[in-house]
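Participant: I am sharing input_36.cif, which consists of mmCIF, C-alpha atoms:
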data_query
loop_
_atom_site.label_atom_id
_atom_site.label_comp_id
_atom_site.auth_asym_id
_atom_site.auth_seq_id
_atom_site.Cartn_x
_atom_site.Cartn_y
_atom_site.Cartn_z
CA ASP A 1 112.96 102.06 123.44
CA LEU A 2 116.56 100.86 123.45
CA GLU A 3 119.10 101.95 120.90
CA ASP A 4 121.73 99.27 120.15
CA PRO A 5 120.93 97.27 123.32
CA SER A 6 123.66 95.51 125.28
CA ASP A 7 123.49 91.90 126.42
CA ASP A 8 122.75 93.16 129.95
CA GLU A 9 119.79 95.19 128.68
CA LEU A 10 118.45 92.21 126.75
CA ALA A 11 118.80 90.03 129.87
CA MET A 12 116.89 92.64 131.89
CA ILE A 13 114.08 92.69 129.31
CA GLU A 14 113.96 88.90 129.31
CA HIS A 15 113.61 88.82 133.10
CA GLU A 16 111.31 91.83 133.67
CA PHE A 17 108.85 91.12 130.84
CA ALA A 18 109.05 87.30 130.78
CA ILE A 19 110.36 87.30 127.22
CA HIS A 20 110.99 83.82 125.87
CA PRO A 21 114.73 83.00 125.60
CA LEU A 22 114.35 82.14 121.90
CA ALA A 23 112.98 85.62 121.21
CA ILE A 24 115.93 87.17 123.06
CA GLU A 25 118.29 84.98 121.04
CA ASP A 26 116.55 86.20 117.87
CA ALA A 27 116.95 89.80 119.06
CA ARG A 28 120.72 89.35 119.13
CA HIS A 29 120.84 88.62 115.38
CA ARG A 30 120.96 91.43 112.85
CA ASN A 31 119.88 91.65 109.22
CA GLN A 32 116.93 89.31 109.52
CA ARG A 33 114.05 89.34 107.11
CA PRO A 34 111.05 91.38 108.30
CA LYS A 35 108.88 88.98 110.25
CA MET A 36 106.55 88.41 113.16
CA GLU A 37 106.72 85.51 115.57
CA ARG A 38 104.01 84.80 118.09
CA TYR A 39 104.95 83.74 121.61
CA GLU A 40 102.73 83.23 124.61
CA GLY A 41 101.89 86.72 125.84
CA PHE A 42 103.70 88.78 123.19
CA ASN A 43 104.73 89.10 119.55
CA PHE A 44 108.29 89.57 118.32
CA LEU A 45 108.70 91.64 115.16
CA VAL A 46 111.60 92.57 112.92
CA LEU A 47 111.12 95.48 110.56
CA TYR A 48 113.11 98.14 108.77
CA GLY A 49 112.55 101.84 108.74
CA LEU A 50 113.73 103.23 105.43
CA SER A 51 114.77 106.83 104.95
CA ARG A 52 116.14 108.84 102.06
CA ARG A 53 119.75 109.79 102.59
CA ASP A 54 121.26 111.72 99.74
CA ALA A 55 121.05 109.33 96.78
CA ASP A 56 120.78 106.20 98.91
CA ILE A 57 118.22 104.47 101.05
CA GLU A 58 119.20 104.23 104.69
CA GLU A 59 117.90 101.15 106.49
CA GLY A 60 117.26 101.30 110.21
CA GLU A 61 116.70 97.83 111.62
CA MET A 62 114.14 97.64 114.39
CA GLN A 63 112.85 94.87 116.53
CA ALA A 64 109.82 95.01 118.80
CA PHE A 65 108.27 92.99 121.56
CA ALA A 66 104.58 93.91 121.49
CA ALA A 67 101.95 92.81 123.98
CA PRO A 68 98.63 94.25 125.12
CA ARG A 69 100.28 95.81 128.18
CA PHE A 70 103.70 96.79 126.83
CA MET A 71 105.83 97.53 123.81
CA ILE A 72 109.61 97.40 123.70
CA THR A 73 111.55 98.61 120.68
CA LEU A 74 115.16 97.80 119.91
CA ARG A 75 116.77 100.03 117.29
CA PHE A 76 120.13 99.43 115.66
CA PRO A 77 122.46 101.84 113.87
CA PRO A 78 121.61 103.75 111.88
CA ALA A 79 118.66 104.13 114.22
CA PHE A 80 115.30 104.93 112.66
CA ASP A 81 113.88 108.07 114.28
CA LEU A 82 110.79 107.42 116.42
CA LYS A 83 110.20 110.98 117.69
CA GLU A 84 106.97 111.24 115.71
CA VAL A 85 105.65 108.12 117.48
CA ALA A 86 106.04 109.87 120.85
CA VAL A 87 104.31 112.98 119.49
CA ARG A 88 101.44 110.86 118.19
CA ALA A 89 101.09 109.15 121.57
CA GLU A 90 100.89 112.53 123.33
CA ARG A 91 98.19 113.68 120.88
CA SER A 92 96.09 110.51 121.31
CA PRO A 93 95.75 109.65 125.02
CA GLU A 94 92.47 107.83 124.36
CA LEU A 95 94.26 105.44 121.97
CA VAL A 96 97.28 105.02 124.25
CA LYS A 97 94.83 103.33 126.64
CA GLU A 98 94.61 100.54 124.04
CA GLY A 99 98.13 99.55 125.18
CA GLY A 100 101.01 98.09 123.20
CA GLY A 101 98.80 97.62 120.16
CA PHE A 102 98.49 101.38 119.69
CA LEU A 103 102.22 101.95 120.10
CA LEU A 104 102.95 99.20 117.58
CA TYR A 105 100.47 100.77 115.16
CA ALA A 106 102.19 104.16 115.58
CA VAL A 107 105.61 102.63 114.79
CA LEU A 108 104.28 100.71 111.78
CA ASP A 109 102.46 103.76 110.44
CA GLU A 110 105.61 105.89 110.73
CA VAL A 111 107.65 103.21 108.95
CA VAL A 112 105.14 102.89 106.12
CA ASP A 113 104.75 106.68 105.76
CA ARG A 114 108.51 106.97 105.26
CA TYR A 115 108.35 104.22 102.63
CA PHE A 116 106.31 106.62 100.50
CA ASP A 117 109.13 109.18 100.73
CA VAL A 118 111.53 106.52 99.46
CA VAL A 119 109.17 105.60 96.60
CA ASP A 120 108.95 109.26 95.58
CA ARG A 121 112.74 109.55 95.53
CA LEU A 122 113.10 106.35 93.48
CA GLU A 123 110.49 107.55 90.98
CA ASP A 124 112.24 110.92 90.61
CA GLU A 125 115.59 109.29 90.08
CA SER A 126 114.13 106.82 87.61
CA GLU A 127 112.67 109.65 85.53
CA THR A 128 115.98 111.52 85.57
CA VAL A 129 117.91 108.46 84.43
CA GLU A 130 115.30 107.75 81.75
CA GLU A 131 115.66 111.29 80.39
CA GLU A 132 119.44 110.90 80.30
CA VAL A 133 119.21 107.61 78.42
CA PHE A 134 117.13 109.19 75.67
CA SER A 135 118.97 112.49 75.47
CA GLN A 136 121.57 113.05 72.80
CA ASP A 137 124.27 114.03 75.26
CA THR A 138 123.96 110.90 77.42
CA ALA A 139 126.23 110.87 80.43
CA GLU A 140 128.77 108.07 80.37
CA ASP A 141 127.89 106.92 83.87
CA VAL A 142 124.19 106.34 83.10
CA GLN A 143 124.60 102.56 83.08
CA GLU A 144 126.16 102.67 86.53
CA ARG A 145 123.33 104.89 87.78
CA ILE A 146 120.77 102.42 86.43
CA PHE A 147 122.43 99.57 88.32
CA ARG A 148 122.53 101.62 91.56
CA LEU A 149 118.86 102.52 91.15
CA ARG A 150 117.91 98.89 90.58
CA LYS A 151 119.84 97.91 93.70
CA ARG A 152 117.95 100.48 95.81
CA ILE A 153 114.64 99.26 94.40
CA MET A 154 115.56 95.68 95.31
CA VAL A 155 116.40 96.75 98.89
CA PHE A 156 113.05 98.48 99.10
CA ARG A 157 111.14 95.44 97.81
CA ARG A 158 112.95 93.07 100.21
CA ARG A 159 111.83 95.21 103.15
CA LEU A 160 108.30 96.02 101.98
CA GLY A 161 107.10 92.61 100.75
CA PRO A 162 107.41 90.70 104.04
CA LEU A 163 105.93 93.63 105.96
CA ARG A 164 102.64 93.01 104.16
CA ASP A 165 102.58 89.50 105.61
CA VAL A 166 103.32 90.86 109.09
CA MET A 167 100.41 93.29 108.79
CA GLN A 168 98.04 90.49 107.81
CA LEU A 169 99.17 88.36 110.75
CA LEU A 170 98.69 91.26 113.14
CA GLN A 171 95.10 91.79 111.97
CA GLY A 172 94.17 88.46 113.59
CA GLN A 173 95.71 89.31 116.96
CA GLN A 174 92.57 90.47 118.76
CA GLU A 175 94.24 90.89 122.15
CA LEU A 176 96.81 93.27 120.62
CA VAL A 177 94.79 94.80 117.79
CA THR A 178 91.72 95.70 119.77
CA PRO A 179 88.45 96.66 118.06
CA ALA A 180 89.33 100.35 118.59
CA LEU A 181 92.59 99.83 116.67
CA GLN A 182 91.41 97.65 113.78
CA ALA A 183 90.70 100.58 111.45
CA TYR A 184 94.16 102.01 112.17
CA TYR A 185 95.88 98.74 111.27
CA ARG A 186 93.83 98.44 108.08
CA ASP A 187 94.96 101.95 107.18
CA VAL A 188 98.62 100.97 107.52
CA GLN A 189 98.05 97.84 105.48
#
How does this structure look as C-alpha cells?
Facilitator:
Amino acid sequence: DLEDPSDDELAMIEHEFAIHPLAIEDARHRNQRPKMERYEGFNFLVLYGLSRRDADIEEGEMQAFAAPRFMITLRFPPAFDLKEVAVRAERSPELVKEGGGFLLYAVLDEVVDRYFDVVDRLEDESETVEEEVFSQDTAEDVQERIFRLRKRIMVFRRRLGPLRDVMQLLQGQQELVTPALQAYYRDVQ
C-alpha cells in the first residue's frame, strides 16, 4: 500500500513484480475513469473511494495491481482510508490464503460500503432541499443548493457506473476470484 507513490517507488514495483511498463505509465496518470485492464499475470484497476465530508463528497483515487499472489494499492490525496481492510484480513486468515483476490475483494467491499453512506447523505440533503422548495419561507439560496446537490450526484454516478463493469469483468477472472471468493464478489456486485 503506497500513498502518493514516487517515480522511484513505481519503478521498484515495475521491477520487483514484473509489472508491464504500460500499466506503470497508466499509474502515473490521475483522474482516470474507473476501469480494469488485464495484463499477463495481473490486473490493473482504477477506482474511487467516496466519503462524506461535511456537505461534499470526497473522492480518494486508488489504483491497484491485483494478482493471485499479490496486491499493490496506490492511493492518492485525499487518500481513502484502508484500515478496515487490514482489520478484515486479520479476522479472516482462511480467506487471506486465497491471495490477492481476497485483498482486492476487501478493498472493493469497503469502497462500495462507503458508497451507501454517500447515498444516505445525498438522500437526506435532497429531502431537506425539497422541503425548503415547498415551504412558504423558502431560502434564497435554494437554487444554488439544488445545483450543488446535482453536481455531487453526478460525481457519484460517474464513479459508481463504471465500477459495475469492473465487477462483472472480475467475476470471470478464475485465477484471481477463486471458487472460495466468488460469493464474496457477487455480494459486492
Participant: Suppose a student applies the PyMOL selection byres ((chain A and resi 154-163) around 10) to this structure; what residues should they get, written as a count of residues only?
Facilitator: 32
Participant: Under the rule of at most 9 Å, produce a per-residue listing of stretch 39-143 of chain A near stretch 3-24 of chain A: chain, number, name, the closest pair of atoms, and the distance in Å, as a Markdown table, using only C-alpha atoms.
Facilitator:
| residue | atom | partner | partner_atom | distance |
| --- | --- | --- | --- | --- |
| A:Tyr39 | CA | A:His20 | CA | 7.4 |
| A:Glu40 | CA | A:His20 | CA | 8.4 |
| A:Gly41 | CA | A:Ile19 | CA | 8.6 |
| A:Phe42 | CA | A:Ile19 | CA | 7.9 |
| A:Phe44 | CA | A:Ala23 | CA | 6.8 |
| A:Phe65 | CA | A:Ile19 | CA | 8.3 |
| A:Phe70 | CA | A:Phe17 | CA | 8.6 |
| A:Ile72 | CA | A:Ile13 | CA | 8.6 |
| A:Thr73 | CA | A:Glu3 | CA | 8.3 |
| A:Leu74 | CA | A:Glu3 | CA | 5.8 |
| A:Arg75 | CA | A:Glu3 | CA | 4.7 |
| A:Phe76 | CA | A:Asp4 | CA | 4.8 |
| A:Pro77 | CA | A:Asp4 | CA | 6.8 |
| A:Ala79 | CA | A:Glu3 | CA | 7.0 |
Participant: Provide the atom CA of A:Glu125 to atom CA of A:Ile146 distance in Å, to one decimal place.
Facilitator: 9.3 Å
Participant: What is the atom CA of A:Arg38 to atom CA of A:Val96 distance in Å?
Facilitator: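 Straight-line distance from atom CA of A:Arg38 to atom CA of A:Val96 works out to 22.2 Å.
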Participant: Which residue gives the smallest distance to A:Val107 among A:Met71, A:Ala64, A:Leu95, A:Val85, with all atoms listed in the file counted?
Facilitator: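 Of A:Met71, A:Ala64, A:Leu95, A:Val85, the one nearest A:Val107 is A:Val85, counting all atoms listed in the file.
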Participant: Name the closest residue to A:Leu104 among the candidates A:Asn43, A:Ser92, A:Ser51, A:Thr128; distances are taken between atoms, counting only C-alpha atoms.
Facilitator: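 Closest residue, counting only C-alpha atoms: A:Asn43.
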Participant: What does the structure give for the distance between atom CA of A:Asp117 and atom CA of A:Gln173, in Å to one decimal?
Facilitator: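 Computing it gives 29.0 Å between the two atoms.
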Participant: Looking at only C-alpha atoms, which of A:Glu25, A:Val129, A:Ala67, A:Phe134 is the one that sits closest to A:Gln174?
Facilitator: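 So, comparing all the options, the nearest one is A:Ala67.
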Participant: Mind giving me the axis-aligned box for stretch 16-21 of chain A with 4 Å on every side, centre plus edges in Å to one decimal, as lines of an AutoDock Vina configuration file?
Facilitator:
center_x = 111.8
center_y = 87.4
center_z = 129.6
size_x = 13.9
size_y = 16.8
size_z = 16.1
Participant: Between A:Glu84, A:Glu37, A:Asp187, A:Glu127, which residue has the minimum interatomic distance to A:Ala66, considering all atoms listed in the file?
Facilitator: A:Glu37
Participant: Report as a ChimeraX atom specification all protein, DNA and RNA residues lying within 10 Å of A:Lys83, evaluated on all atoms listed in the file, omitting residues in the same chain fewer than 3 positions from it.
Facilitator: /A:80,86-88,107,110
Participant: Pick out the closest residue to A:Gln63 from this set: A:Ala106, A:Leu170, A:Ala27, A:Val177. Count all atoms listed in the file.
Facilitator: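 Once distances to A:Gln63 are computed over all atoms listed in the file, the minimum belongs to A:Ala27.
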Participant: Considering only C-alpha atoms, state which residue in the set A:Arg52, A:Pro78, A:Leu2, A:Leu176 is at the smallest distance from A:Lys97.
Facilitator: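 Nearest to A:Lys97: A:Leu176.
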